[in-house]
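> protein-v8.tsv is the file, holding TSV, N, CA and C atoms:
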chain	number	residue	atom	x	y	z
A	1	MET	N	-22.70	-29.05	-4.69
A	1	MET	CA	-21.63	-29.34	-5.62
A	1	MET	C	-21.07	-28.03	-6.15
A	2	ALA	N	-19.77	-27.93	-6.18
A	2	ALA	CA	-19.12	-26.70	-6.64
A	2	ALA	C	-19.26	-26.57	-8.15
A	3	HIS	N	-19.39	-25.32	-8.58
A	3	HIS	CA	-19.48	-25.04	-10.01
A	3	HIS	C	-18.10	-25.17	-10.63
A	4	GLU	N	-17.99	-25.91	-11.70
A	4	GLU	CA	-16.71	-26.06	-12.38
A	4	GLU	C	-16.77	-25.37	-13.72
A	5	GLU	N	-15.74	-24.63	-14.02
A	5	GLU	CA	-15.64	-23.95	-15.30
A	5	GLU	C	-15.10	-24.93	-16.33
A	6	SER	N	-15.55	-24.79	-17.54
A	6	SER	CA	-15.03	-25.65	-18.61
A	6	SER	C	-13.66	-25.12	-19.03
A	7	PRO	N	-12.81	-25.97	-19.59
A	7	PRO	CA	-11.49	-25.52	-20.01
A	7	PRO	C	-11.54	-24.39	-21.02
A	8	GLU	N	-12.64	-24.29	-21.80
A	8	GLU	CA	-12.74	-23.23	-22.79
A	8	GLU	C	-12.93	-21.86	-22.15
A	9	THR	N	-13.49	-21.79	-20.95
A	9	THR	CA	-13.74	-20.49	-20.33
A	9	THR	C	-12.62	-20.04	-19.41
A	10	ILE	N	-11.70	-20.90	-19.11
A	10	ILE	CA	-10.56	-20.53	-18.28
A	10	ILE	C	-9.30	-20.67	-19.11
A	11	PRO	N	-8.82	-19.57	-19.68
A	11	PRO	CA	-7.63	-19.67	-20.51
A	11	PRO	C	-6.41	-20.06	-19.68
A	12	SER	N	-5.53	-20.78	-20.29
A	12	SER	CA	-4.28	-21.13	-19.62
A	12	SER	C	-3.37	-19.91	-19.59
A	13	PRO	N	-2.34	-19.91	-18.73
A	13	PRO	CA	-1.42	-18.78	-18.69
A	13	PRO	C	-0.73	-18.55	-20.04
A	14	ASN	N	-0.66	-19.57	-20.86
A	14	ASN	CA	-0.01	-19.45	-22.16
A	14	ASN	C	-1.00	-19.20	-23.29
A	15	ASP	N	-2.21	-18.82	-22.94
A	15	ASP	CA	-3.26	-18.57	-23.93
A	15	ASP	C	-2.79	-17.48	-24.89
A	16	ASP	N	-2.91	-17.73	-26.19
A	16	ASP	CA	-2.44	-16.75	-27.17
A	16	ASP	C	-3.57	-15.92	-27.76
A	17	ARG	N	-4.74	-15.91	-27.11
A	17	ARG	CA	-5.80	-15.04	-27.59
A	17	ARG	C	-5.37	-13.59	-27.41
A	18	GLY	N	-5.99	-12.67	-28.12
A	18	GLY	CA	-5.63	-11.25	-28.05
A	18	GLY	C	-5.80	-10.68	-26.66
A	19	THR	N	-5.17	-9.56	-26.41
A	19	THR	CA	-5.24	-8.93	-25.10
A	19	THR	C	-6.61	-8.33	-24.83
A	20	ASP	N	-7.46	-8.21	-25.87
A	20	ASP	CA	-8.81	-7.68	-25.68
A	20	ASP	C	-9.74	-8.69	-25.02
A	21	THR	N	-9.34	-9.96	-24.98
A	21	THR	CA	-10.17	-11.01	-24.40
A	21	THR	C	-9.98	-11.02	-22.90
A	22	PRO	N	-11.07	-10.85	-22.13
A	22	PRO	CA	-10.92	-10.90	-20.66
A	22	PRO	C	-10.40	-12.27	-20.23
A	23	ARG	N	-9.52	-12.25	-19.24
A	23	ARG	CA	-8.96	-13.50	-18.73
A	23	ARG	C	-9.34	-13.66	-17.27
A	24	TRP	N	-9.78	-14.84	-16.93
A	24	TRP	CA	-10.09	-15.17	-15.55
A	24	TRP	C	-8.81	-15.66	-14.92
A	25	ARG	N	-8.38	-15.01	-13.86
A	25	ARG	CA	-7.12	-15.38	-13.21
A	25	ARG	C	-7.33	-16.04	-11.87
A	26	GLY	N	-8.57	-16.29	-11.52
A	26	GLY	CA	-8.85	-16.97	-10.27
A	26	GLY	C	-8.98	-16.00	-9.12
A	27	PRO	N	-9.34	-16.50	-7.96
A	27	PRO	CA	-9.51	-15.62	-6.80
A	27	PRO	C	-8.17	-15.04	-6.37
A	28	ALA	N	-8.23	-13.82	-5.83
A	28	ALA	CA	-7.01	-13.16	-5.37
A	28	ALA	C	-7.34	-12.26	-4.18
A	29	VAL	N	-6.36	-12.04	-3.34
A	29	VAL	CA	-6.50	-11.16	-2.18
A	29	VAL	C	-5.31	-10.22	-2.17
A	30	ASN	N	-5.58	-8.93	-2.04
A	30	ASN	CA	-4.51	-7.93	-1.91
A	30	ASN	C	-4.72	-7.27	-0.56
A	31	ARG	N	-4.09	-7.80	0.46
A	31	ARG	CA	-4.27	-7.32	1.83
A	31	ARG	C	-2.93	-7.39	2.54
A	32	VAL	N	-2.58	-6.31	3.24
A	32	VAL	CA	-1.32	-6.29	3.99
A	32	VAL	C	-1.57	-5.66	5.35
A	33	GLU	N	-0.90	-6.18	6.36
A	33	GLU	CA	-0.91	-5.58	7.70
A	33	GLU	C	0.53	-5.44	8.14
A	34	LEU	N	0.87	-4.25	8.59
A	34	LEU	CA	2.24	-3.97	9.03
A	34	LEU	C	2.21	-3.37	10.42
A	35	MET	N	3.20	-3.75	11.22
A	35	MET	CA	3.42	-3.10	12.50
A	35	MET	C	4.89	-2.72	12.53
A	36	GLY	N	5.14	-1.44	12.74
A	36	GLY	CA	6.50	-0.95	12.75
A	36	GLY	C	6.55	0.49	13.18
A	37	ARG	N	7.70	1.10	13.01
A	37	ARG	CA	7.89	2.48	13.46
A	37	ARG	C	7.94	3.42	12.26
A	38	LEU	N	7.33	4.60	12.44
A	38	LEU	CA	7.41	5.62	11.41
A	38	LEU	C	8.83	6.15	11.35
A	39	THR	N	9.37	6.25	10.14
A	39	THR	CA	10.73	6.75	9.97
A	39	THR	C	10.76	8.22	9.57
A	40	SER	N	9.58	8.80	9.43
A	40	SER	CA	9.48	10.23	9.10
A	40	SER	C	8.16	10.76	9.62
A	41	ASP	N	8.10	12.07	9.78
A	41	ASP	CA	6.80	12.70	10.03
A	41	ASP	C	6.02	12.64	8.73
A	42	PRO	N	4.71	12.53	8.80
A	42	PRO	CA	3.91	12.48	7.56
A	42	PRO	C	3.91	13.83	6.85
A	43	SER	N	3.72	13.77	5.54
A	43	SER	CA	3.56	14.99	4.75
A	43	SER	C	2.19	14.96	4.09
A	44	LEU	N	1.60	16.14	3.93
A	44	LEU	CA	0.25	16.24	3.39
A	44	LEU	C	0.27	16.95	2.06
A	45	GLY	N	-0.47	16.40	1.12
A	45	GLY	CA	-0.66	17.03	-0.18
A	45	GLY	C	-2.13	16.97	-0.53
A	46	HIS	N	-2.48	17.52	-1.67
A	46	HIS	CA	-3.86	17.50	-2.14
A	46	HIS	C	-3.86	17.23	-3.64
A	47	THR	N	-4.87	16.51	-4.10
A	47	THR	CA	-5.03	16.32	-5.53
A	47	THR	C	-5.54	17.62	-6.15
A	48	ARG	N	-5.60	17.66	-7.47
A	48	ARG	CA	-6.15	18.84	-8.15
A	48	ARG	C	-7.58	19.12	-7.73
A	49	ASP	N	-8.29	18.08	-7.30
A	49	ASP	CA	-9.68	18.22	-6.86
A	49	ASP	C	-9.78	18.56	-5.37
A	50	GLY	N	-8.65	18.74	-4.70
A	50	GLY	CA	-8.66	19.12	-3.30
A	50	GLY	C	-8.75	17.96	-2.32
A	51	ILE	N	-8.58	16.73	-2.79
A	51	ILE	CA	-8.65	15.56	-1.90
A	51	ILE	C	-7.33	15.43	-1.14
A	52	PRO	N	-7.38	15.38	0.21
A	52	PRO	CA	-6.14	15.27	0.97
A	52	PRO	C	-5.50	13.88	0.84
A	53	VAL	N	-4.18	13.85	0.76
A	53	VAL	CA	-3.42	12.61	0.71
A	53	VAL	C	-2.16	12.78	1.55
A	54	ALA	N	-1.97	11.86	2.50
A	54	ALA	CA	-0.79	11.90	3.38
A	54	ALA	C	0.17	10.78	2.98
A	55	HIS	N	1.46	11.09	3.04
A	55	HIS	CA	2.52	10.12	2.78
A	55	HIS	C	3.39	10.02	4.02
A	56	VAL	N	3.76	8.80	4.38
A	56	VAL	CA	4.66	8.59	5.50
A	56	VAL	C	5.43	7.29	5.25
A	57	ARG	N	6.67	7.25	5.71
A	57	ARG	CA	7.47	6.02	5.59
A	57	ARG	C	7.50	5.32	6.93
A	58	MET	N	7.54	3.98	6.86
A	58	MET	CA	7.66	3.19	8.08
A	58	MET	C	8.62	2.04	7.85
A	59	ALA	N	9.15	1.52	8.95
A	59	ALA	CA	10.09	0.41	8.90
A	59	ALA	C	9.51	-0.76	9.68
A	60	THR	N	9.70	-1.96	9.12
A	60	THR	CA	9.36	-3.19	9.82
A	60	THR	C	10.63	-4.01	9.93
A	61	ASN	N	10.75	-4.77	10.99
A	61	ASN	CA	11.96	-5.55	11.24
A	61	ASN	C	11.63	-7.02	11.40
A	62	ASP	N	12.55	-7.85	10.90
A	62	ASP	CA	12.54	-9.25	11.29
A	62	ASP	C	13.92	-9.54	11.86
A	63	ARG	N	14.26	-10.76	12.05
A	63	ARG	CA	15.52	-11.07	12.72
A	63	ARG	C	16.75	-10.69	11.90
A	64	HIS	N	16.59	-10.59	10.58
A	64	HIS	CA	17.76	-10.42	9.74
A	64	HIS	C	17.86	-9.09	9.01
A	65	ARG	N	16.75	-8.38	8.86
A	65	ARG	CA	16.83	-7.13	8.11
A	65	ARG	C	15.65	-6.21	8.41
A	66	THR	N	15.80	-4.99	7.96
A	66	THR	CA	14.75	-3.98	8.08
A	66	THR	C	14.19	-3.72	6.69
A	67	GLU	N	12.87	-3.66	6.61
A	67	GLU	CA	12.19	-3.32	5.36
A	67	GLU	C	11.55	-1.95	5.53
A	68	TYR	N	11.60	-1.13	4.49
A	68	TYR	CA	11.00	0.20	4.52
A	68	TYR	C	9.80	0.23	3.58
A	69	HIS	N	8.75	0.90	4.01
A	69	HIS	CA	7.49	0.93	3.26
A	69	HIS	C	7.00	2.37	3.14
A	70	GLN	N	6.51	2.71	1.97
A	70	GLN	CA	5.85	4.00	1.76
A	70	GLN	C	4.37	3.77	1.97
A	71	VAL	N	3.76	4.54	2.88
A	71	VAL	CA	2.33	4.40	3.20
A	71	VAL	C	1.61	5.64	2.71
A	72	VAL	N	0.47	5.44	2.06
A	72	VAL	CA	-0.34	6.53	1.54
A	72	VAL	C	-1.73	6.43	2.15
A	73	ALA	N	-2.23	7.53	2.68
A	73	ALA	CA	-3.57	7.58	3.27
A	73	ALA	C	-4.36	8.69	2.58
A	74	TRP	N	-5.60	8.42	2.26
A	74	TRP	CA	-6.46	9.35	1.54
A	74	TRP	C	-7.58	9.88	2.43
A	75	ARG	N	-8.08	11.04	2.08
A	75	ARG	CA	-9.27	11.67	2.64
A	75	ARG	C	-9.20	11.79	4.17
A	76	GLN	N	-10.21	11.30	4.89
A	76	GLN	CA	-10.25	11.44	6.35
A	76	GLN	C	-9.08	10.73	7.02
A	77	LEU	N	-8.67	9.59	6.46
A	77	LEU	CA	-7.54	8.88	7.05
A	77	LEU	C	-6.25	9.71	6.93
A	78	ALA	N	-6.13	10.48	5.87
A	78	ALA	CA	-4.97	11.38	5.73
A	78	ALA	C	-4.94	12.37	6.88
A	79	ASP	N	-6.10	12.88	7.27
A	79	ASP	CA	-6.17	13.82	8.39
A	79	ASP	C	-5.77	13.14	9.70
A	80	VAL	N	-6.18	11.88	9.89
A	80	VAL	CA	-5.81	11.12	11.09
A	80	VAL	C	-4.29	10.93	11.14
A	81	VAL	N	-3.71	10.53	10.02
A	81	VAL	CA	-2.26	10.31	9.96
A	81	VAL	C	-1.52	11.61	10.29
A	82	MET	N	-1.97	12.72	9.72
A	82	MET	CA	-1.32	14.01	9.97
A	82	MET	C	-1.47	14.44	11.42
A	83	ARG	N	-2.59	14.16	12.01
A	83	ARG	CA	-2.84	14.61	13.39
A	83	ARG	C	-2.08	13.79	14.42
A	84	PHE	N	-2.01	12.47	14.20
A	84	PHE	CA	-1.46	11.60	15.24
A	84	PHE	C	-0.12	10.95	14.91
A	85	GLY	N	0.29	10.94	13.64
A	85	GLY	CA	1.53	10.26	13.26
A	85	GLY	C	2.75	11.13	13.48
A	86	ARG	N	3.77	10.58	14.14
A	86	ARG	CA	5.04	11.27	14.36
A	86	ARG	C	6.19	10.27	14.19
A	87	ARG	N	7.31	10.78	13.71
A	87	ARG	CA	8.50	9.94	13.53
A	87	ARG	C	8.81	9.21	14.84
A	88	GLY	N	9.11	7.91	14.73
A	88	GLY	CA	9.48	7.11	15.88
A	88	GLY	C	8.34	6.34	16.52
A	89	GLN	N	7.09	6.68	16.17
A	89	GLN	CA	5.95	6.00	16.80
A	89	GLN	C	5.77	4.59	16.25
A	90	LEU	N	5.35	3.71	17.15
A	90	LEU	CA	4.95	2.36	16.76
A	90	LEU	C	3.52	2.43	16.25
A	91	VAL	N	3.29	1.93	15.02
A	91	VAL	CA	1.96	2.00	14.42
A	91	VAL	C	1.59	0.66	13.80
A	92	HIS	N	0.28	0.49	13.63
A	92	HIS	CA	-0.27	-0.64	12.88
A	92	HIS	C	-0.99	-0.05	11.68
A	93	VAL	N	-0.65	-0.56	10.49
A	93	VAL	CA	-1.27	-0.11	9.25
A	93	VAL	C	-1.84	-1.32	8.54
A	94	ALA	N	-3.08	-1.23	8.08
A	94	ALA	CA	-3.69	-2.27	7.27
A	94	ALA	C	-4.15	-1.64	5.97
A	95	GLY	N	-4.00	-2.36	4.87
A	95	GLY	CA	-4.41	-1.83	3.58
A	95	GLY	C	-4.07	-2.79	2.46
A	96	SER	N	-3.75	-2.24	1.30
A	96	SER	CA	-3.43	-3.05	0.13
A	96	SER	C	-2.15	-2.52	-0.52
A	97	ILE	N	-1.50	-3.38	-1.28
A	97	ILE	CA	-0.27	-3.03	-1.97
A	97	ILE	C	-0.62	-2.52	-3.36
A	98	HIS	N	0.00	-1.42	-3.75
A	98	HIS	CA	-0.25	-0.83	-5.06
A	98	HIS	C	1.09	-0.59	-5.74
A	99	GLY	N	1.25	-1.10	-6.94
A	99	GLY	CA	2.46	-0.87	-7.71
A	99	GLY	C	2.24	0.27	-8.70
A	100	HIS	N	3.29	1.00	-8.98
A	100	HIS	CA	3.18	2.10	-9.94
A	100	HIS	C	4.52	2.31	-10.63
A	101	SER	N	4.47	2.97	-11.77
A	101	SER	CA	5.67	3.29	-12.55
A	101	SER	C	5.67	4.77	-12.86
A	102	TRP	N	6.86	5.34	-13.02
A	102	TRP	CA	6.98	6.73	-13.41
A	102	TRP	C	8.29	6.93	-14.15
A	103	THR	N	8.37	8.03	-14.86
A	103	THR	CA	9.57	8.39	-15.58
A	103	THR	C	10.22	9.57	-14.87
A	104	GLY	N	11.48	9.42	-14.54
A	104	GLY	CA	12.21	10.48	-13.83
A	104	GLY	C	12.51	11.66	-14.74
A	105	ALA	N	13.00	12.73	-14.15
A	105	ALA	CA	13.33	13.95	-14.89
A	105	ALA	C	14.40	13.67	-15.95
A	106	ASP	N	15.26	12.68	-15.67
A	106	ASP	CA	16.32	12.34	-16.63
A	106	ASP	C	15.86	11.33	-17.68
A	107	GLY	N	14.57	10.98	-17.66
A	107	GLY	CA	14.02	10.05	-18.65
A	107	GLY	C	14.09	8.59	-18.24
A	108	SER	N	14.69	8.28	-17.08
A	108	SER	CA	14.80	6.89	-16.63
A	108	SER	C	13.46	6.42	-16.06
A	109	LYS	N	13.17	5.15	-16.29
A	109	LYS	CA	11.92	4.57	-15.81
A	109	LYS	C	12.13	3.95	-14.43
A	110	HIS	N	11.13	4.12	-13.57
A	110	HIS	CA	11.19	3.62	-12.20
A	110	HIS	C	9.92	2.85	-11.88
A	111	ASP	N	10.05	1.88	-11.00
A	111	ASP	CA	8.90	1.14	-10.47
A	111	ASP	C	8.94	1.22	-8.96
A	112	GLY	N	7.78	1.22	-8.34
A	112	GLY	CA	7.72	1.26	-6.89
A	112	GLY	C	6.44	0.66	-6.38
A	113	THR	N	6.40	0.42	-5.10
A	113	THR	CA	5.19	-0.06	-4.45
A	113	THR	C	4.90	0.80	-3.25
A	114	GLU	N	3.64	0.91	-2.93
A	114	GLU	CA	3.23	1.64	-1.73
A	114	GLU	C	2.06	0.92	-1.11
A	115	ILE	N	1.87	1.18	0.17
A	115	ILE	CA	0.75	0.61	0.90
A	115	ILE	C	-0.35	1.67	0.91
A	116	ILE	N	-1.50	1.34	0.36
A	116	ILE	CA	-2.65	2.23	0.42
A	116	ILE	C	-3.38	1.88	1.71
A	117	ALA	N	-3.28	2.75	2.70
A	117	ALA	CA	-3.81	2.47	4.04
A	117	ALA	C	-5.33	2.52	4.06
A	118	GLU	N	-5.91	1.56	4.74
A	118	GLU	CA	-7.35	1.56	5.03
A	118	GLU	C	-7.57	1.82	6.52
A	119	SER	N	-6.54	1.52	7.33
A	119	SER	CA	-6.60	1.85	8.76
A	119	SER	C	-5.19	2.20	9.22
A	120	PHE	N	-5.14	3.07	10.22
A	120	PHE	CA	-3.88	3.55	10.78
A	120	PHE	C	-4.09	3.70	12.27
A	121	GLN	N	-3.32	2.96	13.06
A	121	GLN	CA	-3.49	3.00	14.51
A	121	GLN	C	-2.14	3.24	15.18
A	122	VAL	N	-2.07	4.25	16.03
A	122	VAL	CA	-0.87	4.52	16.81
A	122	VAL	C	-0.89	3.59	18.02
A	123	LEU	N	0.20	2.87	18.24
A	123	LEU	CA	0.26	1.89	19.33
A	123	LEU	C	1.02	2.38	20.54
A	124	ASP	N	1.75	3.47	20.42
A	124	ASP	CA	2.42	4.05	21.57
A	124	ASP	C	2.44	5.56	21.42
A	125	ARG	N	2.73	6.22	22.50
A	125	ARG	CA	2.81	7.68	22.48
A	125	ARG	C	4.24	8.09	22.72
A	126	LEU	N	4.65	9.10	22.00
A	126	LEU	CA	5.99	9.64	22.22
A	126	LEU	C	5.93	10.61	23.40
A	127	PRO	N	7.02	10.75	24.12
A	127	PRO	CA	7.03	11.75	25.20
A	127	PRO	C	6.80	13.14	24.61
A	128	ASP	N	6.15	14.00	25.36
A	128	ASP	CA	5.93	15.37	24.90
A	128	ASP	C	7.27	16.05	24.69
A	129	GLU	N	7.34	16.79	23.61
A	129	GLU	CA	8.61	17.48	23.30
A	129	GLU	C	8.65	18.82	23.96
Give the structure from the file, written as structure tokens.

Amino acid sequence: MAHEESPETIPSPNDDRGTDTPRWRGPAVNRVELMGRLTSDPSLGHTRDGIPVAHVRMATNDRHRTEYHQVVAWRQLADVVMRFGRRGQLVHVAGSIHGHSWTGADGSKHDGTEIIAESFQVLDRLPDE
């Protein structure tokens, strides 16, 4: 028999208890898989602690439009992306979606999403240049 929570332990979305009270929001999955082409060569940076982080953009297509995605790879995966990723390559990326906010130099607020890569696989090879 499945365990059922009492109504008192599962607050409704309109619960007016303070924000300090933990809320159970139910099971959730944050998983994304993309297959598309890199629209740029990857760039490599490092955190203040020296941890490598690679950024690359990719495009996915459906019948009606193209979507662009910012992909971020950390540590050893950043090295893989830098070594094998090139603009125009067909790749498969699996990971999770991460939202973030920042304030621009002009004081305007911005929101964005990026894919935090857990795997990066090149599916084709570009001709040697």
> Could you name the residues that touch region 33-41 of chain A at 6.5 Å or less, counting all atoms listed in the file, but leaving out those on the same chain fewer than 6 positions away, as a PDB file with N, CA and C atoms, in the frame of the given file?

ATOM      1  N   HIS A  55       1.460  11.090   3.040  1.00  0.00           N
ATOM      2  CA  HIS A  55       2.520  10.120   2.780  1.00  0.00           C
ATOM      3  C   HIS A  55       3.390  10.020   4.020  1.00  0.00           C
ATOM      4  N   VAL A  56       3.760   8.800   4.380  1.00  0.00           N
ATOM      5  CA  VAL A  56       4.660   8.590   5.500  1.00  0.00           C
ATOM      6  C   VAL A  56       5.430   7.290   5.250  1.00  0.00           C
ATOM      7  N   ARG A  57       6.670   7.250   5.710  1.00  0.00           N
ATOM      8  CA  ARG A  57       7.470   6.020   5.590  1.00  0.00           C
ATOM      9  C   ARG A  57       7.500   5.320   6.930  1.00  0.00           C
ATOM     10  N   MET A  58       7.540   3.980   6.860  1.00  0.00           N
ATOM     11  CA  MET A  58       7.660   3.190   8.080  1.00  0.00           C
ATOM     12  C   MET A  58       8.620   2.040   7.850  1.00  0.00           C
ATOM     13  N   ALA A  59       9.150   1.520   8.950  1.00  0.00           N
ATOM     14  CA  ALA A  59      10.090   0.410   8.900  1.00  0.00           C
ATOM     15  C   ALA A  59       9.510  -0.760   9.680  1.00  0.00           C
ATOM     16  N   THR A  60       9.700  -1.960   9.120  1.00  0.00           N
ATOM     17  CA  THR A  60       9.360  -3.190   9.820  1.00  0.00           C
ATOM     18  C   THR A  60      10.630  -4.010   9.930  1.00  0.00           C
ATOM     19  N   ASN A  61      10.750  -4.770  10.990  1.00  0.00           N
ATOM     20  CA  ASN A  61      11.960  -5.550  11.240  1.00  0.00           C
ATOM     21  C   ASN A  61      11.630  -7.020  11.400  1.00  0.00           C
ATOM     22  N   GLY A  85       0.290  10.940  13.640  1.00  0.00           N
ATOM     23  CA  GLY A  85       1.530  10.260  13.260  1.00  0.00           C
ATOM     24  C   GLY A  85       2.750  11.130  13.480  1.00  0.00           C
ATOM     25  N   ARG A  86       3.770  10.580  14.140  1.00  0.00           N
ATOM     26  CA  ARG A  86       5.040  11.270  14.360  1.00  0.00           C
ATOM     27  C   ARG A  86       6.190  10.270  14.190  1.00  0.00           C
ATOM     28  N   ARG A  87       7.310  10.780  13.710  1.00  0.00           N
ATOM     29  CA  ARG A  87       8.500   9.940  13.530  1.00  0.00           C
ATOM     30  C   ARG A  87       8.810   9.210  14.840  1.00  0.00           C
ATOM     31  N   GLY A  88       9.110   7.910  14.730  1.00  0.00           N
ATOM     32  CA  GLY A  88       9.480   7.110  15.880  1.00  0.00           C
ATOM     33  C   GLY A  88       8.340   6.340  16.520  1.00  0.00           C
ATOM     34  N   GLN A  89       7.090   6.680  16.170  1.00  0.00           N
ATOM     35  CA  GLN A  89       5.950   6.000  16.800  1.00  0.00           C
ATOM     36  C   GLN A  89       5.770   4.590  16.250  1.00  0.00           C
ATOM     37  N   LEU A  90       5.350   3.710  17.150  1.00  0.00           N
ATOM     38  CA  LEU A  90       4.950   2.360  16.760  1.00  0.00           C
ATOM     39  C   LEU A  90       3.520   2.430  16.250  1.00  0.00           C
ATOM     40  N   VAL A  91       3.290   1.930  15.020  1.00  0.00           N
ATOM     41  CA  VAL A  91       1.960   2.000  14.420  1.00  0.00           C
ATOM     42  C   VAL A  91       1.590   0.660  13.800  1.00  0.00           C
ATOM     43  N   HIS A  92       0.280   0.490  13.630  1.00  0.00           N
ATOM     44  CA  HIS A  92      -0.270  -0.640  12.880  1.00  0.00           C
ATOM     45  C   HIS A  92      -0.990  -0.050  11.680  1.00  0.00           C
ATOM     46  N   VAL A  93      -0.650  -0.560  10.490  1.00  0.00           N
ATOM     47  CA  VAL A  93      -1.270  -0.110   9.250  1.00  0.00           C
ATOM     48  C   VAL A  93      -1.840  -1.320   8.540  1.00  0.00           C
ATOM     49  N   ALA A  94      -3.080  -1.230   8.080  1.00  0.00           N
ATOM     50  CA  ALA A  94      -3.690  -2.270   7.270  1.00  0.00           C
ATOM     51  C   ALA A  94      -4.150  -1.640   5.970  1.00  0.00           C
ATOM     52  N   GLY A  95      -4.000  -2.360   4.870  1.00  0.00           N
ATOM     53  CA  GLY A  95      -4.410  -1.830   3.580  1.00  0.00           C
ATOM     54  C   GLY A  95      -4.070  -2.790   2.460  1.00  0.00           C
TER      55      GLY A  95
END
> Suppose you want the space between atom N of Val29 (chain A) and CA of Thr47 (chain A); what is it in Å?
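Interatomic distance here is 28.5 Å.
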> Quote the spacing between atom C of His100 (chain A) and atom C of Gln121 (chain A) in Å to one decimal place.
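Here the two named atoms are 26.7 Å from each other.
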> Quick one: of A:Ile115, A:Ala105, A:Leu77, A:Ala28, who's nearest to Pro52 (chain A), counting only N, CA and C atoms?
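The closest residue to Pro52 (chain A) is A:Leu77.
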> In Å, how far is it from atom N of Phe120 (chain A) to atom C of Arg83 (chain A)?
11.9 Å
> If you run DSSP on this backbone, which residues of region 59-109 of chain A come out as strand (DSSP E or B), and could you give them as a VMD selection string?
chain A and resid 59 to 61 66 to 74 90 to 103 109
> How about saving the chosen residues, N, CA and C atoms kept, as a short mmCIF file (atom, residue, chain, number, x, y, z; two decimals), in the coordinates of the input?

data_model
loop_
_atom_site.label_atom_id
_atom_site.label_comp_id
_atom_site.auth_asym_id
_atom_site.auth_seq_id
_atom_site.Cartn_x
_atom_site.Cartn_y
_atom_site.Cartn_z
N ALA A 59 9.15 1.52 8.95
CA ALA A 59 10.09 0.41 8.90
C ALA A 59 9.51 -0.76 9.68
N THR A 60 9.70 -1.96 9.12
CA THR A 60 9.36 -3.19 9.82
C THR A 60 10.63 -4.01 9.93
N ASN A 61 10.75 -4.77 10.99
CA ASN A 61 11.96 -5.55 11.24
C ASN A 61 11.63 -7.02 11.40
N THR A 66 15.80 -4.99 7.96
CA THR A 66 14.75 -3.98 8.08
C THR A 66 14.19 -3.72 6.69
N GLU A 67 12.87 -3.66 6.61
CA GLU A 67 12.19 -3.32 5.36
C GLU A 67 11.55 -1.95 5.53
N TYR A 68 11.60 -1.13 4.49
CA TYR A 68 11.00 0.20 4.52
C TYR A 68 9.80 0.23 3.58
N HIS A 69 8.75 0.90 4.01
CA HIS A 69 7.49 0.93 3.26
C HIS A 69 7.00 2.37 3.14
N GLN A 70 6.51 2.71 1.97
CA GLN A 70 5.85 4.00 1.76
C GLN A 70 4.37 3.77 1.97
N VAL A 71 3.76 4.54 2.88
CA VAL A 71 2.33 4.40 3.20
C VAL A 71 1.61 5.64 2.71
N VAL A 72 0.47 5.44 2.06
CA VAL A 72 -0.34 6.53 1.54
C VAL A 72 -1.73 6.43 2.15
N ALA A 73 -2.23 7.53 2.68
CA ALA A 73 -3.57 7.58 3.27
C ALA A 73 -4.36 8.69 2.58
N TRP A 74 -5.60 8.42 2.26
CA TRP A 74 -6.46 9.35 1.54
C TRP A 74 -7.58 9.88 2.43
N LEU A 90 5.35 3.71 17.15
CA LEU A 90 4.95 2.36 16.76
C LEU A 90 3.52 2.43 16.25
N VAL A 91 3.29 1.93 15.02
CA VAL A 91 1.96 2.00 14.42
C VAL A 91 1.59 0.66 13.80
N HIS A 92 0.28 0.49 13.63
CA HIS A 92 -0.27 -0.64 12.88
C HIS A 92 -0.99 -0.05 11.68
N VAL A 93 -0.65 -0.56 10.49
CA VAL A 93 -1.27 -0.11 9.25
C VAL A 93 -1.84 -1.32 8.54
N ALA A 94 -3.08 -1.23 8.08
CA ALA A 94 -3.69 -2.27 7.27
C ALA A 94 -4.15 -1.64 5.97
N GLY A 95 -4.00 -2.36 4.87
CA GLY A 95 -4.41 -1.83 3.58
C GLY A 95 -4.07 -2.79 2.46
N SER A 96 -3.75 -2.24 1.30
CA SER A 96 -3.43 -3.05 0.13
C SER A 96 -2.15 -2.52 -0.52
N ILE A 97 -1.50 -3.38 -1.28
CA ILE A 97 -0.27 -3.03 -1.97
C ILE A 97 -0.62 -2.52 -3.36
N HIS A 98 0.00 -1.42 -3.75
CA HIS A 98 -0.25 -0.83 -5.06
C HIS A 98 1.09 -0.59 -5.74
N GLY A 99 1.25 -1.10 -6.94
CA GLY A 99 2.46 -0.87 -7.71
C GLY A 99 2.24 0.27 -8.70
N HIS A 100 3.29 1.00 -8.98
CA HIS A 100 3.18 2.10 -9.94
C HIS A 100 4.52 2.31 -10.63
N SER A 101 4.47 2.97 -11.77
CA SER A 101 5.67 3.29 -12.55
C SER A 101 5.67 4.77 -12.86
N TRP A 102 6.86 5.34 -13.02
CA TRP A 102 6.98 6.73 -13.41
C TRP A 102 8.29 6.93 -14.15
N THR A 103 8.37 8.03 -14.86
CA THR A 103 9.57 8.39 -15.58
C THR A 103 10.22 9.57 -14.87
N LYS A 109 13.17 5.15 -16.29
CA LYS A 109 11.92 4.57 -15.81
C LYS A 109 12.13 3.95 -14.43
#
